[in-house]
$ cat protein_20.cif   # mmCIF, C-alpha atoms
data_query
loop_
_atom_site.label_atom_id
_atom_site.label_comp_id
_atom_site.auth_asym_id
_atom_site.auth_seq_id
_atom_site.Cartn_x
_atom_site.Cartn_y
_atom_site.Cartn_z
CA MET A 1 0.00 0.00 0.00
CA SER A 2 1.41 3.40 -0.95
CA HIS A 3 1.03 6.15 1.63
CA ARG A 4 -0.33 9.50 0.53
CA TYR A 5 0.25 11.16 3.90
CA GLN A 6 3.02 11.17 6.46
CA HIS A 7 0.85 11.78 9.53
CA LEU A 8 -2.87 11.62 8.71
CA PRO A 9 -4.77 8.40 9.52
CA GLU A 10 -5.35 6.66 6.20
CA ARG A 11 -8.06 4.21 5.18
CA GLY A 12 -5.74 2.66 2.60
CA ASN A 13 -8.49 1.65 0.20
CA SER A 14 -7.79 2.62 -3.40
CA PHE A 15 -11.24 1.45 -4.53
CA MET A 16 -13.04 3.71 -2.06
CA SER A 17 -10.72 6.59 -2.97
CA ALA A 18 -11.62 6.15 -6.64
CA LEU A 19 -15.31 5.87 -5.72
CA GLY A 20 -15.17 9.11 -3.73
CA GLN A 21 -13.48 10.92 -6.60
CA TRP A 22 -16.13 9.57 -8.99
CA MET A 23 -18.96 10.68 -6.66
CA LEU A 24 -17.59 14.21 -6.67
CA LYS A 25 -16.95 14.24 -10.42
CA ILE A 26 -20.42 13.11 -11.51
CA THR A 27 -22.06 15.68 -9.22
CA GLY A 28 -19.79 18.48 -10.42
CA TRP A 29 -18.16 18.98 -7.03
CA LYS A 30 -14.49 19.50 -6.22
CA ILE A 31 -12.14 19.72 -3.28
CA VAL A 32 -10.52 23.13 -2.81
CA GLY A 33 -7.36 23.51 -0.74
CA ASP A 34 -5.05 21.01 0.90
CA MET A 35 -5.93 18.64 3.71
CA PRO A 36 -3.57 19.37 6.64
CA ASP A 37 -1.24 16.41 7.20
CA ILE A 38 -1.49 16.14 11.00
CA PRO A 39 -1.98 12.97 13.07
CA LYS A 40 -4.74 14.05 15.46
CA ALA A 41 -7.43 16.71 15.24
CA VAL A 42 -11.07 17.58 15.67
CA MET A 43 -12.47 18.20 12.20
CA ILE A 44 -15.61 20.31 11.82
CA GLY A 45 -17.84 20.84 8.81
CA ALA A 46 -20.29 23.70 8.32
CA PRO A 47 -22.80 24.97 7.47
CA HIS A 48 -25.01 21.95 8.20
CA THR A 49 -28.52 22.38 6.76
CA SER A 50 -29.12 19.16 4.81
CA ASN A 51 -28.37 15.44 4.74
CA LEU A 52 -26.52 16.19 1.50
CA ASP A 53 -23.80 17.80 3.61
CA GLY A 54 -22.92 14.35 4.89
CA PHE A 55 -22.97 12.87 1.39
CA PHE A 56 -20.40 15.32 0.06
CA ALA A 57 -18.35 15.19 3.26
CA PHE A 58 -18.05 11.40 3.03
CA ALA A 59 -17.38 11.53 -0.72
CA THR A 60 -14.47 13.83 0.11
CA ILE A 61 -13.29 11.63 2.98
CA PHE A 62 -13.29 8.64 0.63
CA ALA A 63 -11.58 10.60 -2.16
CA LEU A 64 -8.81 11.75 0.18
CA ASP A 65 -8.45 8.18 1.52
CA ILE A 66 -8.47 9.36 5.13
CA LYS A 67 -9.85 7.48 8.10
CA VAL A 68 -12.21 9.43 10.34
CA THR A 69 -14.17 8.87 13.53
CA VAL A 70 -17.72 10.17 13.84
CA MET A 71 -20.18 10.05 16.71
CA ALA A 72 -23.57 8.73 15.57
CA LYS A 73 -26.80 8.15 17.47
CA HIS A 74 -26.98 4.58 18.71
CA SER A 75 -30.29 3.88 16.94
CA LEU A 76 -28.42 3.89 13.60
CA PHE A 77 -26.55 0.74 14.63
CA LYS A 78 -29.62 -1.52 14.59
CA TRP A 79 -30.75 -4.13 12.07
CA GLY A 80 -27.40 -5.00 10.56
CA PHE A 81 -26.30 -1.40 10.02
CA GLY A 82 -23.85 -1.62 12.92
CA TYR A 83 -21.08 -3.20 10.85
CA PHE A 84 -21.46 -0.63 8.08
CA MET A 85 -21.53 2.28 10.55
CA ARG A 86 -18.38 1.04 12.28
CA TRP A 87 -16.71 0.55 8.91
CA LEU A 88 -17.42 4.22 8.19
CA GLY A 89 -15.70 5.08 11.47
CA ALA A 90 -18.84 5.70 13.52
CA ILE A 91 -19.06 5.20 17.27
CA PRO A 92 -22.55 4.74 18.81
CA ILE A 93 -23.49 7.39 21.37
CA ASP A 94 -26.54 8.45 23.36
CA ARG A 95 -27.15 12.10 22.57
CA GLN A 96 -28.98 12.49 25.88
CA GLN A 97 -25.63 11.97 27.62
CA ALA A 98 -23.74 14.91 26.12
CA HIS A 99 -21.17 15.21 28.92
CA GLN A 100 -20.33 11.52 28.71
CA VAL A 101 -19.90 11.74 24.93
CA THR A 102 -17.52 14.68 25.33
CA GLN A 103 -15.40 12.83 27.89
CA ILE A 104 -15.24 9.70 25.75
CA SER A 105 -14.14 11.79 22.77
CA ILE A 106 -11.39 13.50 24.77
CA GLN A 107 -10.11 10.17 26.08
CA LYS A 108 -10.08 8.56 22.63
CA LEU A 109 -8.10 11.44 21.16
CA GLN A 110 -5.63 11.42 24.05
CA GLN A 111 -5.10 7.66 23.78
CA SER A 112 -4.84 7.49 19.98
CA GLU A 113 -1.70 8.04 17.95
CA ARG A 114 -3.74 9.05 14.89
CA MET A 115 -7.36 10.14 14.92
CA LEU A 116 -9.62 12.60 13.13
CA LEU A 117 -12.83 13.20 15.06
CA CYS A 118 -15.51 14.71 12.79
CA LEU A 119 -18.25 16.90 14.24
CA ALA A 120 -20.89 19.35 13.00
CA PRO A 121 -20.90 22.39 15.31
CA ASP A 122 -24.38 23.40 14.13
CA GLY A 123 -25.63 20.25 15.84
CA THR A 124 -28.81 20.15 13.75
CA ARG A 125 -29.99 20.65 10.17
CA THR A 126 -32.49 23.29 11.29
CA SER A 127 -31.57 26.86 12.14
CA ALA A 128 -29.63 26.59 15.41
CA GLN A 129 -29.56 29.61 17.70
CA ALA A 130 -25.94 28.91 18.59
CA TRP A 131 -23.17 26.48 17.77
CA LYS A 132 -22.58 23.51 20.01
CA THR A 133 -19.41 24.07 22.02
CA GLY A 134 -18.41 20.45 22.55
CA PHE A 135 -16.04 20.41 19.57
CA HIS A 136 -13.98 23.19 21.15
CA ARG A 137 -13.86 21.62 24.59
CA ILE A 138 -12.81 18.28 23.10
CA ALA A 139 -10.03 19.84 21.01
CA TYR A 140 -8.77 22.07 23.83
CA GLU A 141 -8.72 19.39 26.52
CA ALA A 142 -7.21 16.80 24.17
CA ASN A 143 -4.67 19.42 23.04
CA VAL A 144 -5.32 18.95 19.34
CA PRO A 145 -6.02 21.49 16.56
CA ILE A 146 -9.34 22.01 14.80
CA ILE A 147 -9.47 21.40 11.04
CA LEU A 148 -12.11 23.52 9.31
CA TRP A 149 -14.11 22.25 6.33
CA GLY A 150 -16.70 24.31 4.47
CA ILE A 151 -19.41 22.79 2.26
CA ASP A 152 -20.42 25.38 -0.34
CA PHE A 153 -23.42 24.48 -2.49
CA ASP A 154 -23.22 27.57 -4.70
CA LYS A 155 -19.68 26.79 -5.81
CA LYS A 156 -20.06 23.00 -5.41
CA GLU A 157 -16.92 22.89 -3.31
CA VAL A 158 -15.74 21.12 -0.20
CA GLN A 159 -13.31 23.71 1.07
CA MET A 160 -10.28 23.18 3.30
CA LEU A 161 -10.55 26.46 5.20
CA GLY A 162 -7.64 26.13 7.59
CA VAL A 163 -6.50 24.91 10.99
CA TYR A 164 -7.27 26.60 14.32
CA GLN A 165 -5.47 25.92 17.59
CA PRO A 166 -7.98 26.32 20.45
CA THR A 167 -7.20 28.31 23.58
CA ALA A 168 -8.80 28.63 27.00
CA ASP A 169 -11.02 31.43 25.65
CA MET A 170 -13.77 29.34 24.06
CA GLU A 171 -16.10 32.23 23.24
CA TYR A 172 -13.39 34.15 21.41
CA ASP A 173 -12.16 31.07 19.57
CA ILE A 174 -15.60 30.11 18.29
CA SER A 175 -16.26 33.65 17.10
CA GLN A 176 -12.97 33.55 15.20
CA ILE A 177 -13.69 30.12 13.72
CA GLN A 178 -17.10 31.27 12.50
CA GLN A 179 -15.39 34.03 10.52
CA TYR A 180 -13.85 31.37 8.28
CA TYR A 181 -17.36 30.42 7.13
CA VAL A 182 -18.40 33.85 5.85
CA GLY A 183 -19.45 33.37 2.23
CA VAL A 184 -19.81 29.57 2.43
CA LYS A 185 -23.30 28.93 1.01
CA PRO A 186 -25.46 26.16 2.52
CA HIS A 187 -27.96 23.96 0.70
CA HIS A 188 -30.84 25.55 2.63
CA PRO A 189 -29.97 29.19 3.42
CA GLU A 190 -33.11 29.57 5.55
CA ARG A 191 -31.73 26.91 7.92
CA LEU A 192 -28.38 28.62 8.45
CA SER A 193 -27.44 28.87 12.12
CA LYS A 194 -28.03 32.27 13.71
CA PRO A 195 -24.33 33.08 14.25
CA LEU A 196 -23.59 32.49 10.56
CA GLN A 197 -26.74 34.39 9.53
CA ASP A 198 -25.59 37.38 11.57
CA LEU A 199 -22.11 37.25 10.03
CA ALA A 200 -23.55 36.99 6.51
CA GLN A 201 -25.70 40.08 7.09
CA ARG A 202 -22.68 42.08 8.27
CA HIS A 203 -20.71 41.13 5.16
#
$ encode --input "protein_20.cif" --output "structure tokens"
Amino acid sequence: MSHRYQHLPERGNSFMSALGQWMLKITGWKIVGDMPDIPKAVMIGAPHTSNLDGFFAFATIFALDIKVTVMAKHSLFKWGFGYFMRWLGAIPIDRQQAHQVTQISIQKLQQSERMLLCLAPDGTRTSAQAWKTGFHRIAYEANVPIILWGIDFDKKEVQMLGVYQPTADMEYDISQIQQYYVGVKPHHPERLSKPLQDLAQRH
């Protein structure tokens, strides 16, 4: 197996990489920017207003041949879907136990040599009043950077927006991270989270 990256966790599946590239090509989408080659990070994608966000995110993950970890509600692991979900990199969680999920995520990142934990800070496909803050706490306490992905439906791009190193000032950090998403157009603009709506109106 040839290695594309020096540090990133790789899936090492040339078929899935080709499939991901094909999925993007036939839909007219492309990847813009370079994926940071770092061993451990929290990776966030926004805006999140549609299930299609996940489709293009996973097409990109496959195309880049990277291995990711995602937290998924435990009900998705029923009726034979458990194997498939785990193959995707999903870990079953109970969303009613938010604190426990955060602690598990921190521990897994601390204990792993290579791990990309993917989260959607919007937390919902409907218009959220605020971003969930768990992604920041996880990254800060695990002492890992945050990789920023944007999913732009106007340009048909999955954008590598940059890397942010979290500090103890969560409120400031999140406000700075949200600035990266100015101009990134969601599938359903009316469902854009309030912080991103406010930023869009100011720009």
$ atom_distance --input "protein_20.cif" --atom1 "CA of Ser112 in chain A" --atom2 "CA of Leu8 in chain A"
12.2 Å
$ resolve_selection --input "protein_20.cif" --expression "the PyMOL selection byres ((chain A and resi 126-137) around 9)" --output "ChimeraX atom specification"
/A:42-44,48-50,98-99,102,106,118-125,138-142,146,166-168,170-171,173-174,190-195
$ resolve_selection --input "protein_20.cif" --expression "the PyMOL selection byres ((chain A and resi 160) around 9)" --output "list in words"
Ile31, Val32, Gly33, Asp34, Met35, Pro36, Ile147, Leu148, Trp149, Gly150, Val158, Gln159, Leu161, Gly162 and Val163 of chain A
$ write_last_selection --input "protein_20.cif" --atoms "C-alpha atoms" --output "mmCIF file, keeping the file's coordinate frame"
data_model
loop_
_atom_site.group_PDB
_atom_site.id
_atom_site.type_symbol
_atom_site.label_atom_id
_atom_site.label_comp_id
_atom_site.auth_asym_id
_atom_site.auth_seq_id
_atom_site.Cartn_x
_atom_site.Cartn_y
_atom_site.Cartn_z
ATOM 1 C CA ILE A 31 -12.140 19.720 -3.280
ATOM 2 C CA VAL A 32 -10.520 23.130 -2.810
ATOM 3 C CA GLY A 33 -7.360 23.510 -0.740
ATOM 4 C CA ASP A 34 -5.050 21.010 0.900
ATOM 5 C CA MET A 35 -5.930 18.640 3.710
ATOM 6 C CA PRO A 36 -3.570 19.370 6.640
ATOM 7 C CA ILE A 147 -9.470 21.400 11.040
ATOM 8 C CA LEU A 148 -12.110 23.520 9.310
ATOM 9 C CA TRP A 149 -14.110 22.250 6.330
ATOM 10 C CA GLY A 150 -16.700 24.310 4.470
ATOM 11 C CA VAL A 158 -15.740 21.120 -0.200
ATOM 12 C CA GLN A 159 -13.310 23.710 1.070
ATOM 13 C CA LEU A 161 -10.550 26.460 5.200
ATOM 14 C CA GLY A 162 -7.640 26.130 7.590
ATOM 15 C CA VAL A 163 -6.500 24.910 10.990
#
$ closest_residue --input "protein_20.cif" --among "A:Gly183, A:Lys30, A:His7, A:Ile151" --to "Asn51 in chain A" --atoms "only C-alpha atoms"
A:Ile151
$ resolve_selection --input "protein_20.cif" --expression "the PyMOL selection byres ((chain A and resi 17) around 7)" --output "NGL selection string"
:A and (13-16 or 18-21 or 62-65)
$ closest_residue --input "protein_20.cif" --among "A:Ile66, A:Met115, A:Ile91, A:Ala41" --to "Gln165 in chain A" --atoms "all atoms listed in the file"
A:Ala41
$ residues_around --input "protein_20.cif" --residues "Leu88 in chain A" --least-positions-apart "6" --cutoff "10 Å" --atoms "all atoms listed in the file" --output "list of chain:residue names"
A:Arg11, A:Phe58, A:Ile61, A:Phe62, A:Lys67, A:Val68, A:Thr69, A:Val70, A:Gly82
$ atom_distance --input "protein_20.cif" --atom1 "CA of Lys155 in chain A" --atom2 "CA of Gln201 in chain A"
19.5 Å
$ atom_distance --input "protein_20.cif" --atom1 "CA of Pro47 in chain A" --atom2 "CA of Pro186 in chain A"
5.7 Å
$ axis_aligned_box --input "protein_20.cif" --around "range 5-16 of chain A" --padding-each-side "5 Å" --output "lines of an AutoDock Vina configuration file"
center_x = -5.0
center_y = 6.6
center_z = 2.5
size_x = 26.1
size_y = 20.3
size_z = 24.1
$ residues_near_point --input "protein_20.cif" --point "(-20.4, 35.6, 9.9)" --cutoff "8 Å" --atoms "only C-alpha atoms" --output "ChimeraX atom specification"
/A:178-182,195-203
$ residues_around --input "protein_20.cif" --residues "Ile38 in chain A" --least-positions-apart "4" --cutoff "9 Å" --atoms "only C-alpha atoms" --output "list in words"
Tyr5, Gln6, His7, Leu8, Pro9, Arg114 and Pro145 of chain A
$ closest_residue --input "protein_20.cif" --among "A:Pro92, A:Lys156, A:Ile177, A:Thr27" --to "Ile104 in chain A" --atoms "all atoms listed in the file"
A:Pro92
$ closest_residue --input "protein_20.cif" --among "A:Leu117, A:Ala59, A:Val101, A:Ala90" --to "Met23 in chain A" --atoms "all atoms listed in the file"
A:Ala59
